[in-house]
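Pasted below: final10.txt, compact mmCIF, C-alpha atoms.
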```
# COMPACT_ATOMS: atom_id res chain seq x y z
CA MET G 1 167.54 25.60 0.97
CA THR G 2 168.80 28.10 3.48
CA GLU G 3 166.66 29.02 6.44
CA ILE G 4 167.04 32.34 8.22
CA ILE G 5 166.26 32.22 11.94
CA VAL G 6 166.26 35.28 14.21
CA VAL G 7 166.88 35.03 17.96
CA THR G 8 165.15 38.02 19.53
CA SER G 9 163.37 39.17 22.72
CA GLY G 10 162.79 42.90 23.00
CA LYS G 11 164.08 43.04 26.54
CA GLY G 12 167.81 42.90 27.17
CA GLY G 13 169.60 40.46 29.44
CA VAL G 14 167.20 37.56 28.98
CA GLY G 15 169.73 35.31 27.25
CA LYS G 16 169.57 36.07 23.51
CA THR G 17 173.30 35.85 22.83
CA THR G 18 173.76 32.89 25.18
CA SER G 19 170.93 31.11 23.38
CA SER G 20 172.16 32.06 19.89
CA ALA G 21 175.60 30.67 20.72
CA SER G 22 174.26 27.39 22.10
CA ILE G 23 171.70 26.89 19.34
CA ALA G 24 174.29 27.61 16.62
CA MET G 25 176.68 25.15 18.25
CA GLY G 26 173.93 22.53 18.66
CA LEU G 27 172.81 22.82 15.03
CA ALA G 28 176.42 22.48 13.88
CA ARG G 29 176.94 19.45 16.13
CA ARG G 30 173.95 17.88 14.38
CA GLY G 31 175.71 18.36 11.04
CA LYS G 32 174.08 21.54 9.78
CA ARG G 33 176.14 24.19 7.99
CA VAL G 34 175.54 27.21 10.19
CA ALA G 35 176.42 30.92 10.01
CA VAL G 36 175.63 32.97 13.08
CA ILE G 37 175.57 36.78 12.80
CA ASP G 38 175.82 39.28 15.64
CA PHE G 39 173.48 42.20 14.81
CA ASP G 40 174.34 44.14 17.96
CA VAL G 41 176.39 46.84 16.26
CA GLY G 42 178.36 48.85 18.80
CA LEU G 43 178.10 46.19 21.50
CA ARG G 44 179.76 43.11 20.04
CA ASN G 45 179.47 40.11 22.36
CA LEU G 46 178.62 36.94 20.48
CA ASP G 47 182.32 36.45 19.65
CA LEU G 48 183.16 36.45 23.36
CA ILE G 49 180.44 33.95 24.25
CA MET G 50 181.53 31.68 21.35
CA GLY G 51 185.18 31.99 22.38
CA CYS G 52 186.50 33.49 19.13
CA GLU G 53 187.02 37.13 20.23
CA ARG G 54 190.75 37.11 19.50
CA ARG G 55 190.20 36.00 15.92
CA VAL G 56 187.93 38.85 14.81
CA VAL G 57 189.69 40.73 12.01
CA TYR G 58 186.79 41.97 9.91
CA ASP G 59 183.17 42.34 10.97
CA PHE G 60 179.62 42.55 9.59
CA VAL G 61 179.83 46.30 8.91
CA ASN G 62 183.18 45.92 7.09
CA VAL G 63 181.47 43.46 4.72
CA ILE G 64 178.44 45.71 4.20
CA GLN G 65 180.67 48.69 3.46
CA GLY G 66 182.86 46.68 1.07
CA GLU G 67 186.02 46.91 3.18
CA ALA G 68 186.29 43.13 3.38
CA THR G 69 184.82 40.11 1.64
CA LEU G 70 182.39 37.85 3.45
CA LYS G 71 184.94 35.01 3.27
CA GLN G 72 187.53 37.19 5.04
CA ALA G 73 185.10 38.17 7.78
CA LEU G 74 183.60 34.75 8.56
CA ILE G 75 185.36 33.12 11.52
CA LYS G 76 185.44 29.34 11.37
CA ASP G 77 184.71 27.74 14.74
CA LYS G 78 187.57 25.68 16.20
CA ARG G 79 185.24 22.93 17.39
CA PHE G 80 183.02 22.54 14.32
CA ASP G 81 184.23 23.15 10.75
CA ASN G 82 180.65 23.70 9.59
CA LEU G 83 180.03 26.61 11.98
CA HIS G 84 180.96 30.20 11.11
CA VAL G 85 180.63 33.41 13.10
CA LEU G 86 180.18 36.91 11.68
CA ALA G 87 181.03 39.39 14.43
CA ALA G 88 179.29 42.70 15.02
CA SER G 89 181.17 45.91 14.50
CA GLN G 90 182.29 48.08 17.40
CA THR G 91 181.42 51.24 15.47
CA ARG G 92 179.17 53.75 17.16
CA ASP G 93 177.57 54.66 13.85
CA LYS G 94 173.96 53.50 14.22
CA ASP G 95 173.34 53.72 10.49
CA ALA G 96 176.14 51.33 9.60
CA LEU G 97 173.59 48.58 8.95
CA THR G 98 171.29 49.08 5.98
CA LYS G 99 168.46 46.92 4.73
CA GLU G 100 170.14 46.55 1.32
CA GLY G 101 173.49 45.72 2.92
CA VAL G 102 172.01 43.09 5.21
CA GLU G 103 170.08 41.54 2.33
CA ARG G 104 173.22 41.36 0.19
CA VAL G 105 175.17 39.57 2.94
CA LEU G 106 172.32 37.14 3.59
CA ASN G 107 172.05 36.36 -0.14
CA GLU G 108 175.77 35.76 -0.34
CA LEU G 109 175.56 33.37 2.62
CA LYS G 110 172.74 31.53 0.83
CA GLU G 111 174.99 31.15 -2.22
CA MET G 112 177.64 29.65 0.05
CA ALA G 113 175.11 26.88 0.79
CA PHE G 114 174.64 27.39 4.49
CA ASP G 115 171.68 25.39 5.84
CA ILE G 116 170.89 27.87 8.57
CA ILE G 117 171.67 31.55 9.10
CA LEU G 118 171.09 32.49 12.73
CA CYS G 119 170.64 36.22 13.43
CA ASP G 120 171.41 37.26 17.01
CA SER G 121 169.29 40.38 17.55
CA PRO G 122 170.22 43.29 19.80
CA ALA G 123 167.79 44.24 22.58
CA GLY G 124 165.17 46.91 21.95
CA ILE G 125 163.07 47.62 18.87
CA GLU G 126 165.49 49.96 17.09
CA LYS G 127 167.09 49.54 13.67
CA GLY G 128 169.43 46.66 14.61
CA ALA G 129 166.58 44.58 16.05
CA PHE G 130 164.36 45.44 13.09
CA LEU G 131 167.00 44.37 10.54
CA ALA G 132 167.80 41.17 12.46
CA MET G 133 164.17 40.05 12.16
CA TYR G 134 163.26 41.57 8.79
CA PHE G 135 164.47 38.73 6.53
CA ALA G 136 163.69 35.87 8.94
CA ASP G 137 161.76 32.73 8.03
CA ARG G 138 161.50 31.73 11.66
CA ALA G 139 161.89 33.49 14.98
CA ILE G 140 162.97 32.24 18.38
CA VAL G 141 161.68 34.66 21.02
CA VAL G 142 163.71 34.29 24.21
CA VAL G 143 161.61 35.00 27.29
CA ASN G 144 162.15 34.84 31.06
CA PRO G 145 159.23 34.00 33.37
CA GLU G 146 159.11 37.60 34.51
CA VAL G 147 156.59 40.41 33.81
CA SER G 148 158.68 42.85 31.76
CA SER G 149 160.19 40.11 29.63
CA VAL G 150 156.79 38.57 28.82
CA ARG G 151 155.29 41.94 27.94
CA ASP G 152 158.21 42.83 25.66
CA SER G 153 158.00 39.41 24.00
CA ASP G 154 154.39 40.07 23.11
CA ARG G 155 155.46 43.34 21.54
CA ILE G 156 158.12 41.54 19.50
CA LEU G 157 155.60 38.89 18.38
CA GLY G 158 153.44 41.74 17.09
CA LEU G 159 156.37 43.19 15.14
CA LEU G 160 157.22 39.77 13.68
CA ALA G 161 153.67 39.54 12.40
CA SER G 162 153.76 42.96 10.73
CA LYS G 163 157.26 44.37 10.15
CA THR G 164 159.04 41.54 8.36
CA ARG G 165 159.59 40.78 4.70
CA HIS G 166 157.18 37.83 4.82
CA ALA G 167 154.51 39.86 6.63
CA GLU G 168 154.83 42.72 4.14
CA SER G 169 154.60 40.47 1.08
CA GLY G 170 151.69 38.60 2.70
CA GLU G 171 152.92 35.33 1.19
CA LYS G 172 153.63 33.56 4.45
CA ARG G 173 154.09 34.29 8.10
CA VAL G 174 157.28 34.09 10.12
CA ALA G 175 157.09 30.92 12.24
CA GLN G 176 157.31 31.86 15.90
CA HIS G 177 158.85 29.84 18.73
CA LEU G 178 159.19 30.65 22.41
CA LEU G 179 162.33 29.73 24.31
CA LEU G 180 161.80 30.06 28.04
CA THR G 181 165.10 30.62 29.84
CA ARG G 182 166.17 31.06 33.48
CA TYR G 183 163.33 28.77 34.53
CA ASN G 184 163.35 27.67 38.14
CA PRO G 185 160.90 24.80 38.81
CA GLU G 186 161.30 25.07 42.60
CA ARG G 187 160.25 28.72 42.56
CA VAL G 188 157.36 27.91 40.25
CA GLU G 189 156.19 25.25 42.69
CA ARG G 190 156.33 27.77 45.54
CA GLY G 191 154.24 30.22 43.51
CA ASP G 192 157.05 32.80 43.21
CA MET G 193 157.52 32.40 39.46
CA MET G 194 155.15 32.08 36.50
CA SER G 195 154.94 28.57 35.09
CA ILE G 196 155.47 27.38 31.53
CA ALA G 197 151.67 27.14 31.16
CA ASP G 198 151.22 30.73 32.42
CA VAL G 199 153.67 32.15 29.87
CA GLN G 200 152.23 30.02 27.05
CA GLU G 201 148.70 31.15 27.91
CA ILE G 202 149.56 34.86 28.00
CA LEU G 203 151.55 34.82 24.78
CA GLY G 204 149.38 32.24 23.01
CA LEU G 205 152.36 30.18 21.86
CA GLU G 206 153.86 26.82 22.74
CA VAL G 207 157.42 26.74 24.05
CA LEU G 208 160.16 25.28 21.85
CA GLY G 209 162.27 24.64 24.91
CA VAL G 210 162.68 25.44 28.57
CA ILE G 211 166.18 26.13 29.86
CA PRO G 212 166.53 25.75 33.63
CA GLU G 213 168.39 28.40 35.59
CA SER G 214 171.86 26.92 35.93
CA GLU G 215 175.33 27.81 37.15
CA SER G 216 176.75 26.05 34.11
CA VAL G 217 175.54 28.88 31.84
CA LEU G 218 177.84 31.45 33.46
CA ALA G 219 180.67 28.95 33.66
CA GLY G 220 180.31 28.31 29.92
CA SER G 221 180.29 32.04 29.10
CA ASN G 222 183.33 32.59 31.31
CA ALA G 223 185.27 30.07 29.27
CA GLY G 224 183.87 30.92 25.82
CA ASN G 225 182.26 27.47 25.62
CA PRO G 226 178.49 27.76 25.05
CA VAL G 227 176.67 25.74 27.70
CA ILE G 228 175.31 23.25 25.12
CA LEU G 229 178.85 21.82 24.98
CA ASP G 230 178.55 20.91 28.67
CA THR G 231 176.61 17.72 28.03
CA ALA G 232 176.50 16.88 31.74
CA SER G 233 174.60 20.07 32.64
CA ASN G 234 170.82 20.32 32.68
CA ALA G 235 170.92 23.62 30.76
CA GLY G 236 173.17 22.08 28.09
CA GLN G 237 170.84 19.12 27.63
CA ALA G 238 167.78 21.38 27.58
CA TYR G 239 169.36 23.47 24.79
CA ASP G 240 170.11 20.31 22.83
CA ASP G 241 166.46 19.22 23.20
CA ALA G 242 165.37 22.64 21.91
CA VAL G 243 167.67 22.29 18.90
CA ALA G 244 166.20 18.84 18.18
CA ARG G 245 162.68 20.30 18.26
CA LEU G 246 163.79 23.16 16.02
CA LEU G 247 164.78 20.47 13.49
CA GLY G 248 161.37 18.88 13.78
CA GLU G 249 162.07 16.07 16.24
CA SER G 250 159.59 15.34 18.99
CA VAL G 251 161.41 15.34 22.32
CA PRO G 252 159.77 15.36 25.77
CA MET G 253 160.43 18.31 28.12
CA ARG G 254 163.02 17.73 30.82
CA PHE G 255 164.11 19.60 33.96
CA THR G 256 160.78 21.39 34.26
CA GLU G 257 159.61 19.76 37.50
CA ALA G 258 160.89 20.57 40.98
CA GLN G 259 163.18 17.90 42.39
CA LYS G 260 161.19 15.70 44.73
CA LYS G 261 162.66 15.90 48.20
CA GLY G 262 163.24 12.62 50.00
CA PHE G 263 161.59 11.87 53.32
CA LEU G 264 164.77 12.53 55.32
CA THR G 265 165.46 15.84 53.55
CA ARG G 266 161.94 16.96 54.36
CA LEU G 267 162.37 15.92 57.97
CA PHE G 268 165.76 17.47 58.57
CA GLY G 269 165.69 20.24 55.98
CA GLY G 270 168.12 20.68 53.12
CA MET Y 1 155.24 30.72 61.68
CA GLY Y 2 152.39 30.65 64.19
CA ILE Y 3 150.22 27.60 64.69
CA PHE Y 4 147.08 29.58 63.89
CA ASP Y 5 148.45 30.89 60.57
CA PHE Y 6 146.15 28.54 58.68
CA LEU Y 7 143.21 30.60 59.94
CA LYS Y 8 144.39 33.77 58.16
CA PRO Y 9 143.25 34.33 54.59
CA ARG Y 10 146.09 33.40 52.25
CA ALA Y 11 147.45 36.18 50.08
CA PRO Y 12 147.52 35.22 46.39
CA ASN Y 13 151.04 34.15 45.46
CA SER Y 14 153.13 36.56 43.43
CA ALA Y 15 153.17 34.41 40.27
CA SER Y 16 149.38 34.55 39.93
CA VAL Y 17 149.44 38.32 40.51
CA ALA Y 18 152.04 38.62 37.72
CA LYS Y 19 149.94 36.49 35.39
CA GLU Y 20 146.77 38.49 36.02
CA ARG Y 21 148.50 41.86 35.51
CA LEU Y 22 150.11 40.61 32.30
CA ARG Y 23 146.86 39.21 30.96
CA ILE Y 24 145.24 42.65 31.25
CA ILE Y 25 148.10 44.76 29.89
CA VAL Y 26 148.88 42.38 27.01
CA ALA Y 27 145.22 42.31 25.92
CA GLN Y 28 145.08 46.11 26.04
CA GLU Y 29 148.30 46.51 24.06
CA ARG Y 30 147.18 43.98 21.44
CA ALA Y 31 143.95 45.89 20.92
CA GLN Y 32 145.92 49.09 20.34
CA ARG Y 33 148.36 47.33 18.04
CA ASP Y 34 145.62 45.97 15.80
CA ALA Y 35 143.78 49.31 15.66
CA PRO Y 36 144.12 51.44 12.51
CA ASP Y 37 147.07 53.80 12.77
CA TYR Y 38 144.98 56.90 12.00
CA LEU Y 39 143.21 56.68 15.39
CA PRO Y 40 145.57 58.93 17.41
CA MET Y 41 145.45 61.59 14.66
CA LEU Y 42 141.67 61.34 14.38
CA ARG Y 43 141.39 61.70 18.13
CA ARG Y 44 143.58 64.83 18.13
CA GLU Y 45 141.67 66.50 15.33
CA LEU Y 46 138.30 65.68 16.87
CA LEU Y 47 139.50 67.23 20.10
CA GLU Y 48 140.42 70.46 18.30
CA VAL Y 49 136.99 70.71 16.68
CA LEU Y 50 135.16 69.96 19.92
CA LYS Y 51 137.20 72.53 21.79
CA LYS Y 52 135.71 75.26 19.59
CA TYR Y 53 132.32 74.53 21.13
CA VAL Y 54 132.83 72.80 24.46
CA ASN Y 55 135.62 72.98 26.99
CA VAL Y 56 136.37 69.26 27.02
CA ASP Y 57 139.17 67.53 28.82
CA PRO Y 58 141.75 65.90 26.48
CA ASP Y 59 141.22 62.58 28.28
CA ALA Y 60 137.45 62.79 27.86
CA ILE Y 61 137.54 61.51 24.28
CA GLN Y 62 137.61 57.78 23.63
CA VAL Y 63 137.99 56.53 20.09
CA LYS Y 64 138.06 52.83 19.46
CA VAL Y 65 137.45 50.35 16.70
CA SER Y 66 135.75 47.09 17.54
CA GLN Y 67 134.31 44.10 15.70
CA GLU Y 68 130.61 43.49 15.88
CA GLY Y 69 129.06 40.65 13.93
CA GLY Y 70 131.23 40.96 10.85
CA HIS Y 71 131.17 44.78 10.88
CA GLU Y 72 133.87 47.08 12.05
CA LEU Y 73 132.49 49.65 14.43
CA LEU Y 74 134.11 53.02 15.09
CA GLU Y 75 133.05 54.06 18.53
CA LEU Y 76 133.43 57.62 19.70
CA SER Y 77 132.53 58.75 23.16
CA VAL Y 78 132.97 62.20 24.67
CA ALA Y 79 132.42 62.93 28.33
CA LEU Y 80 131.17 66.52 28.59
CA PRO Y 81 132.21 68.66 31.54
CA ASP Y 82 129.68 69.05 34.41
CA LYS Y 83 129.05 72.72 33.76
CA PRO Y 84 128.73 74.37 30.34
CA GLY Y 85 132.11 75.47 29.01
CA ALA Y 86 133.45 78.69 30.49
```
Write-out of the structure in structure tokens:
Amino acid sequence: MTEIIVVTSGKGGVGKTTSSASIAMGLARRGKRVAVIDFDVGLRNLDLIMGCERRVVYDFVNVIQGEATLKQALIKDKRFDNLHVLAASQTRDKDALTKEGVERVLNELKEMAFDIILCDSPAGIEKGAFLAMYFADRAIVVVNPEVSSVRDSDRILGLLASKTRHAESGEKRVAQHLLLTRYNPERVERGDMMSIADVQEILGLEVLGVIPESESVLAGSNAGNPVILDTASNAGQAYDDAVARLLGESVPMRFTEAQKKGFLTRLFGG
Amino acid sequence: MGIFDFLKPRAPNSASVAKERLRIIVAQERAQRDAPDYLPMLRRELLEVLKKYVNVDPDAIQVKVSQEGGHELLELSVALPDKPGA
């Protein structure tokens, strides 16, 4: 049984692609057969974050328009055999993605027995974002503890509840998860940043995971190695916890409390 | 930092300001989202009819749908101008 999961947010720059890359990698590391699709037509980036940008020959739009087969366009990850990437097209034609085309590709991926199809949504609420969420069974809404991101997330949650295949058929609802990224426990403690509880209360949803703000995220992107591969980093471990919860495991939250300062640090500063 | 700072009233921290503002705007936007989609059109047409008789301000018309004890209630309120229409 294939599950379609969309990674979305409304607002740009909150960490959708970074999260898609890490979650896809984490699911594959746990043995799942994963296909991850970049829906950001015109602004392809997932390939760069996953480190396979030089191996893109055919893309999502080529497959939809029949210029290449899905097998030709899927890029097998060099680290995990069971992980495949479908890159976005660089075309500026906004209408390159169609509902029928997307559905056909998703059905073909289901026939190829993938366990999980992860759809990396573009920012905004235009066609690309709409199509990325339309066929989803579950949604991961990436949110930063910041006013505009939280407001946009609420908007997206509303769309997930009304503008998806499941919502339209009325048979079932799209399961919704929050992924709180760029979280800084020290700033929360000082009262400069909304807490996990604040965001959960406003949006009325529990968080699937909390990813601490970390230098390792940029370092990972720089190298084309999603941060989840950096098992020594807090962010990498937090993503792995989130993946475990996505698969139904019960894992306690980590890295969500400010580091306690020792007596000497308090005395002499640091 | 002065030694008498503790005597000054403390400003609310920025995170609680953010939370309060979001709580209000999100509630307002959810109410609009769940409202029937004919409301804006209804409001526009009502305004046109009213304008034939009274010189009302476009912002003076409030149309909203609310729930009251199992019934849906369409509430319409019009603030009339101070003086009779010119």
Quick one: residues within 8 Å of (167.7, 32.5, 21.3) (file frame), counting only C-alpha atoms, please, as a ChimeraX atom specification. /G:6-8,15-20,23,120,140-142,179
Atoms kept (C-alpha atoms) for selection, written as a PDB file, in the coordinates of the input:
```
ATOM      1  CA  VAL G   6     166.260  35.280  14.210  1.00  0.00           C
ATOM      2  CA  VAL G   7     166.880  35.030  17.960  1.00  0.00           C
ATOM      3  CA  THR G   8     165.150  38.020  19.530  1.00  0.00           C
ATOM      4  CA  GLY G  15     169.730  35.310  27.250  1.00  0.00           C
ATOM      5  CA  LYS G  16     169.570  36.070  23.510  1.00  0.00           C
ATOM      6  CA  THR G  17     173.300  35.850  22.830  1.00  0.00           C
ATOM      7  CA  THR G  18     173.760  32.890  25.180  1.00  0.00           C
ATOM      8  CA  SER G  19     170.930  31.110  23.380  1.00  0.00           C
ATOM      9  CA  SER G  20     172.160  32.060  19.890  1.00  0.00           C
ATOM     10  CA  ILE G  23     171.700  26.890  19.340  1.00  0.00           C
ATOM     11  CA  ASP G 120     171.410  37.260  17.010  1.00  0.00           C
ATOM     12  CA  ILE G 140     162.970  32.240  18.380  1.00  0.00           C
ATOM     13  CA  VAL G 141     161.680  34.660  21.020  1.00  0.00           C
ATOM     14  CA  VAL G 142     163.710  34.290  24.210  1.00  0.00           C
ATOM     15  CA  LEU G 179     162.330  29.730  24.310  1.00  0.00           C
TER      16      LEU G 179
END
```
Could you list, as a PyMOL selection string, every residue within 12 Å of range 81-85 of chain G, counting only C-alpha atoms and ignoring same-chain residues fewer than 5 positions away? chain G and resi 20-39+44-53+55-60+70-76+109+112-120
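Distances to Ser14 in chain Y were evaluated for G:Ser216, G:Met194, G:Leu203, G:Gly124 using only C-alpha atoms, and the minimum falls at G:Met194.
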For chain Y, report every residue with an atom at most 10 Å from chain G (counting only C-alpha atoms), formatted as a ChimeraX atom specification. /Y:12-27,29-30,33-34
With distances taken over all atoms listed in the file, which of G:Leu106, G:Leu131, G:Ala96, G:Ala197 is nearest to Thr2 in chain G?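 Counting all atoms listed in the file, the residue closest to Thr2 in chain G is G:Leu106.
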Can you pull out the residues contacting Leu46 in chain Y? Cut-off 10 Å, using only C-alpha atoms, and skip same-chain residues under 6 positions away; I want them as a VMD selection string. chain Y and resid 40 61 63 76
Just how far from CA of Ala35 in chain Y is CA of Val49 in chain Y, in Å to one decimal?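 CA of Ala35 in chain Y lies at a distance of 22.5 Å from CA of Val49 in chain Y.
The gap separating CA of Ser9 in chain G from CA of Ala235 in chain G is 19.1 Å, in Å to one decimal.
Among G:Leu205, G:Leu97, G:Ile64, G:Ile5, the residue with the shortest atom-to-atom distance to Leu178 in chain G, counting only C-alpha atoms, is G:Leu205.
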Taking all atoms listed in the file into account, which of G:Lys94, G:Lys127, G:Arg54, G:Arg182 comes nearest Val14 in chain G? G:Arg182
Tell me which protein, DNA and RNA residues are within 12 Å of Gly209 in chain G, counting only C-alpha atoms, leaving out same-chain ones fewer than 4 positions away, and put them as number ranges by chain. G: 19, 23, 140-144, 177-183, 196, 200, 205, 235-246, 250-256
Just give me the gap between CA of Glu45 in chain Y and CA of Leu74 in chain Y in Å, one decimal is fine. 15.5 Å
Nearest to Glu3 in chain G: which of G:Ala161, G:Ala139, G:Ala88, G:Val217 is it, counting all atoms listed in the file? G:Ala139
Find the spatial neighbours of Val105 in chain G, counting all atoms listed in the file, within a cut-off of 10 Å - ignore same-chain residues fewer than 2 positions away - and output them as a list in words. Phe60, Val63, Ile64, Thr69, Leu70, Glu100, Gly101, Val102, Glu103, Asn107, Glu108, Leu109, Lys110 and Glu111 of chain G
Around range 21-31 of chain Y, with edges along x, y and z and 8 Å added on all six sides, what centre and edge lengths do you get, in Å to one decimal, as AutoDock Vina command-line options?
```
--center_x 147.0 --center_y 42.9 --center_z 28.2 --size_x 22.2 --size_y 23.3 --size_z 30.6
```
